[in-house]
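The block underneath contains the structure these notes are about, expressed in structure tokens.
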Amino acid sequence: MKAVFLLQWRRFYRKPLLVLAMFGLTVIFVSVTAAGGQSGPQMIPVYADKSMNNQQAQTWIERLNGGEQFQFELMSESEARSYVAEGDVSQAVNLLEADYRLLVGREDPARFALDSFLRRIYSEELRLENAEQTTPGIRSEMESALSEPALTLSVESLQGEEDSFQYNGQLQLLFGMTLFFVIYTIMFSLVRIVDEKRTGTWSRMIISPVRKWQMYLGHLGYSFLIGFSQITLIFLLFRFAFGFELGDRFWLLIAIAACYTFSIVALGLLIISLITKPQQLGAVIPIVATGMAMVGGAFWPIELVTNEILLAVSKALPITYGLQALTSVAVYGNGLQAVAIPLLLLLGFGSICMAIAIRLMEWRSAS
Amino acid sequence: MLETQQLTKKFKDTIAVDDVSLVLRQGESVGLLGPNGAGKSTAIAMISTLMKPSSGDVKLNGKSVLKKPGEMRRVLGVVPQKIALYEELSAYENLKFFGRLYGLSGNELEQRIDYVLELVGLADRKKELVKNYSGGMQRRVNLAAAMMHEPEVLIMDEPTVGIDPQSRNHLLETIRKLNQDEGMTVLYTSHYMEEVEKLCDRVYIMDHGKVIAEGTKEELKAILSDQETVLIDFDQNYPELFTKLSEIEGVQQATAEEHSLKLIIPKGTRLLAALFHEAERYGAQVVNVNVQTPTLEDVFLRLTGRKLRD
């Protein structure tokens with residue numbers, strides 16, 4: 001096993017480009033995209049439609065700034081457009097009387113959160129306005145009822161913050177892209193098994209005293225370690241060099257990375273046991289990686305997805321649990337107890353995939 | 001030392017190897033001869049424990065290796081038909097890896113690498129990447145990798161396919177040395193008759209998955225001992241004349257090849273008069289007539305009705 005494991009590192013030393021490319025892509029993508037982001041509320045330039053007067057616009061701004069995630073600033077249309085055009089912000093909002101428009105300069109995962117937030121506030125406000133037409137004074141009644149509630153409900157978590165959706169654009173991007181790009185690193189490193197079978201070096205190993213499980217373990221050990229190292233190095237880099245707030249439990253993030261890496265190694269093995277031609281794998285791996293990342297919440301928070309089918313599919317993907325666990329620890333400040341279930345699911349998923357894959361490979365070689 | 005008993009391999013509806021029994025005695029060099037698709041590689045895959053037979057047995061020193069292949073794997077060196085190496089690594093790195101698979105390490109490993117590189121004549125280029133080697137040099141490393149653990153039996157599956165004559169001679173000379181000077185038992189598979197004639201003491205001839213003849217080279221040639229081969233060269237191709245000549249009484253086998261015709265006839269057959277008479281009738285010019293003793297190629301042709309490289 002040691003010989004097979006060491007050989008993979010020697011081969012990596014000779015051909016490091018793919019792994020370095022995936023590492024570099026993650027760093028570039030996260031650092032460039034997150035550069036526009038900030039850890040505090042995101043500033044959103046707002047300009048009002050001509051049909052609205054300044055008073056109305058100010059009222060809307062006060063209402064919108066009731067949330068914590070975005071800081072809305074009223075300005076002229078030309079100023080707002082200038083912010084977007086120069087890339088200082090990725091989007092601005094055009095307020096209309098009963099609607100809004102988004103002015104988008106570049107794709108930003110926060111757009112979905114912004115859109116969702118605006119839709120909620122607008123729909124609440126418009127409902128209230130409708131109610132006022134039939135019941136004058138309902139707004140003040142509601143405000144006084146809210147300020148002196150008949151019943152106060154407080155929610156406490158055993159660890160961390162209360163369980164409401166908190167969006168942290170930087171960490172969403174960091175975790176999403178890291179878990180996405182590492183899929184390529186791991187799966188393309190596993191393609192070596194297929195390649196060895198094609199070139200005949202696998203047969204050469206089989207007729208040596210090395211046992212088959214040792215051969216697999218040598219390969220899987222390397223794939224695990226290269227993937228795990230990539231995630232760990234990226235987390236370390238962004239924590240210490242870029243100053244990302246990753247919470248107080250860095251060791252738990254590393255433990256989650258290990259469980260996630262294991263599940264992806266196992267999934268990769270399952271894929272190469274089903275598809276045996278390197279050329280086909282070259283096409284299948286990007287489809288699997290991108291599809292999984294889109295549905296599993298690597299490109300935007302899964303909390304924004306409302307489609308029941310997509311949500312159901314996401315429950316079968318390891319990346320969903322990886323992101324859920326990382327976010328739970330880094331954004332909500334939760335501990336091991338809160339992420340135990342996602343971690344067990346990742347380990348269970350990995351074990352099942354690996355068992356099926358090895359059985360399938362053995363069955364193929366025997367037949 | 002090594003034997004197969006009624007070895008058979010079936011793939012769905014195809015029988016790739018059919019009831020093949022071979023024996024390799026210690027120190028001898030045995031050829032396994034047959035055209036492409038004869039079942040040689042499948043037979044070798046079963047002998048080397050890479051593939052399980054559908055029926056039959058493989059024995060090493062009288063013990064079956066099918067259930068416990070460990071001992072067989074320790075004494076066997078296999079040179080595959082493909083160049084089974086890591087091309088992005090150097091010859092040295094490849095050999096180091098294959099040596100480690102057999103538990104070699106430290107000085108012992110280094111010395112063995114030096115020895116096999118010397119043996120295949122690549123000691124001075126060991127640091128170069130395999131992908132930068134010529135086809136012949138890659139074949140030599142392919143052999144060296146199988147030699148790392150000092151095997152007692154060396155099985156080679158068409159080790160000279162697609163290489164230049166110089167590398168081929170070097171490889172054949174190396175194999176001859178291993179067999180004659182070091183007493184290594186060799187099973188050599190090829191469809192190049194001259195290689196088998198040069199290297200092997202005994203020969204098995206396979207066709208359509210079966211062993212159709214076996215024996216020493218002399219024994220096999222004795223199959224045609226009462227016959228001789230006449231090779232006639234003409235100034236050009238005469239298909240009708242060739243057909244006519246193949247119908248002359250006594251001709252047992254005729255093979256036309258562009259401007260020449262090869263006839264196998266019983267010894268003492270009076271052929272020349274009829275040959276020149278027919279040539280005259282067709283206006284053909286006979287350039288050369290050569291009477292030969294039969295070769296293994298002729299034996300194969302006689303046994304199978306086709307040439308080795310068909």
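Residue numbering restarts at 1 in every chain; chains get A, B, ... in the order shown in the structure tokens, and ligands count up from 1 in that same order.
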
If we count only C-alpha atoms, what is near region 301-316 of chain A at a cut-off of 7 Å, once residues fewer than 5 positions away on the same chain are taken out, given as a PyMOL selection string? chain A and resi 112+295-296

Task: chain A contacts on chain B, only C-alpha atoms, 9 Å, as a PyMOL selection string - done: chain B and resi 11+48-52+69-74+76-80+82-86+88-89+93-94+97-98+100-103+146

Test item, strand (DSSP E) assignment across region 89-129 of chain A, answer as a PDB file with N, CA, C and O atoms, in the first residue's frame:
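Contents of the output file states09.pdb:
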```pdb
ATOM      1  N   GLN A  91     -24.850  45.598  -7.367  1.00  0.00           N
ATOM      2  CA  GLN A  91     -26.235  45.876  -7.752  1.00  0.00           C
ATOM      3  C   GLN A  91     -26.782  47.113  -7.032  1.00  0.00           C
ATOM      4  O   GLN A  91     -26.269  47.496  -5.982  1.00  0.00           O
ATOM      5  N   ALA A  92     -27.815  47.698  -7.660  1.00  0.00           N
ATOM      6  CA  ALA A  92     -28.513  48.834  -7.054  1.00  0.00           C
ATOM      7  C   ALA A  92     -30.011  48.579  -7.191  1.00  0.00           C
ATOM      8  O   ALA A  92     -30.425  47.685  -7.936  1.00  0.00           O
ATOM      9  N   VAL A  93     -30.811  49.371  -6.424  1.00  0.00           N
ATOM     10  CA  VAL A  93     -32.262  49.149  -6.451  1.00  0.00           C
ATOM     11  C   VAL A  93     -32.960  50.408  -6.944  1.00  0.00           C
ATOM     12  O   VAL A  93     -32.626  51.528  -6.505  1.00  0.00           O
ATOM     13  N   ASN A  94     -33.896  50.211  -7.857  1.00  0.00           N
ATOM     14  CA  ASN A  94     -34.728  51.307  -8.318  1.00  0.00           C
ATOM     15  C   ASN A  94     -36.095  51.140  -7.653  1.00  0.00           C
ATOM     16  O   ASN A  94     -36.811  50.171  -7.907  1.00  0.00           O
ATOM     17  N   LEU A  95     -36.453  52.093  -6.770  1.00  0.00           N
ATOM     18  CA  LEU A  95     -37.734  51.991  -6.058  1.00  0.00           C
ATOM     19  C   LEU A  95     -38.866  52.514  -6.927  1.00  0.00           C
ATOM     20  O   LEU A  95     -38.767  53.610  -7.486  1.00  0.00           O
ATOM     21  N   TYR A 100     -40.257  47.206  -7.511  1.00  0.00           N
ATOM     22  CA  TYR A 100     -38.853  47.616  -7.544  1.00  0.00           C
ATOM     23  C   TYR A 100     -38.170  46.969  -8.739  1.00  0.00           C
ATOM     24  O   TYR A 100     -38.678  46.002  -9.306  1.00  0.00           O
ATOM     25  N   ARG A 101     -37.041  47.533  -9.111  1.00  0.00           N
ATOM     26  CA  ARG A 101     -36.217  46.937 -10.165  1.00  0.00           C
ATOM     27  C   ARG A 101     -34.791  46.814  -9.638  1.00  0.00           C
ATOM     28  O   ARG A 101     -34.335  47.705  -8.890  1.00  0.00           O
ATOM     29  N   LEU A 102     -34.099  45.725 -10.058  1.00  0.00           N
ATOM     30  CA  LEU A 102     -32.693  45.586  -9.657  1.00  0.00           C
ATOM     31  C   LEU A 102     -31.810  45.987 -10.830  1.00  0.00           C
ATOM     32  O   LEU A 102     -32.047  45.556 -11.958  1.00  0.00           O
ATOM     33  N   LEU A 103     -30.808  46.793 -10.559  1.00  0.00           N
ATOM     34  CA  LEU A 103     -29.832  47.171 -11.580  1.00  0.00           C
ATOM     35  C   LEU A 103     -28.574  46.337 -11.265  1.00  0.00           C
ATOM     36  O   LEU A 103     -27.911  46.560 -10.252  1.00  0.00           O
ATOM     37  N   VAL A 104     -28.312  45.330 -12.128  1.00  0.00           N
ATOM     38  CA  VAL A 104     -27.249  44.370 -11.808  1.00  0.00           C
ATOM     39  C   VAL A 104     -26.019  44.632 -12.668  1.00  0.00           C
ATOM     40  O   VAL A 104     -26.107  44.658 -13.890  1.00  0.00           O
TER      41      VAL A 104
END
```

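CA of Ser167 (chain B) is positioned 27.5 Å from CA of Gln26 (chain B).
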
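What separates CA of Leu263 (chain B) from CA of Thr229 (chain B) is a distance of 5.7 Å.
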
Exercise: Val19 (chain A) partners within 9 Å, only C-alpha atoms, chain neighbours under 2 positions left out, as a ChimeraX atom specification: /A:12,15-17,21-24,182,184-186,188-189,226-227,230
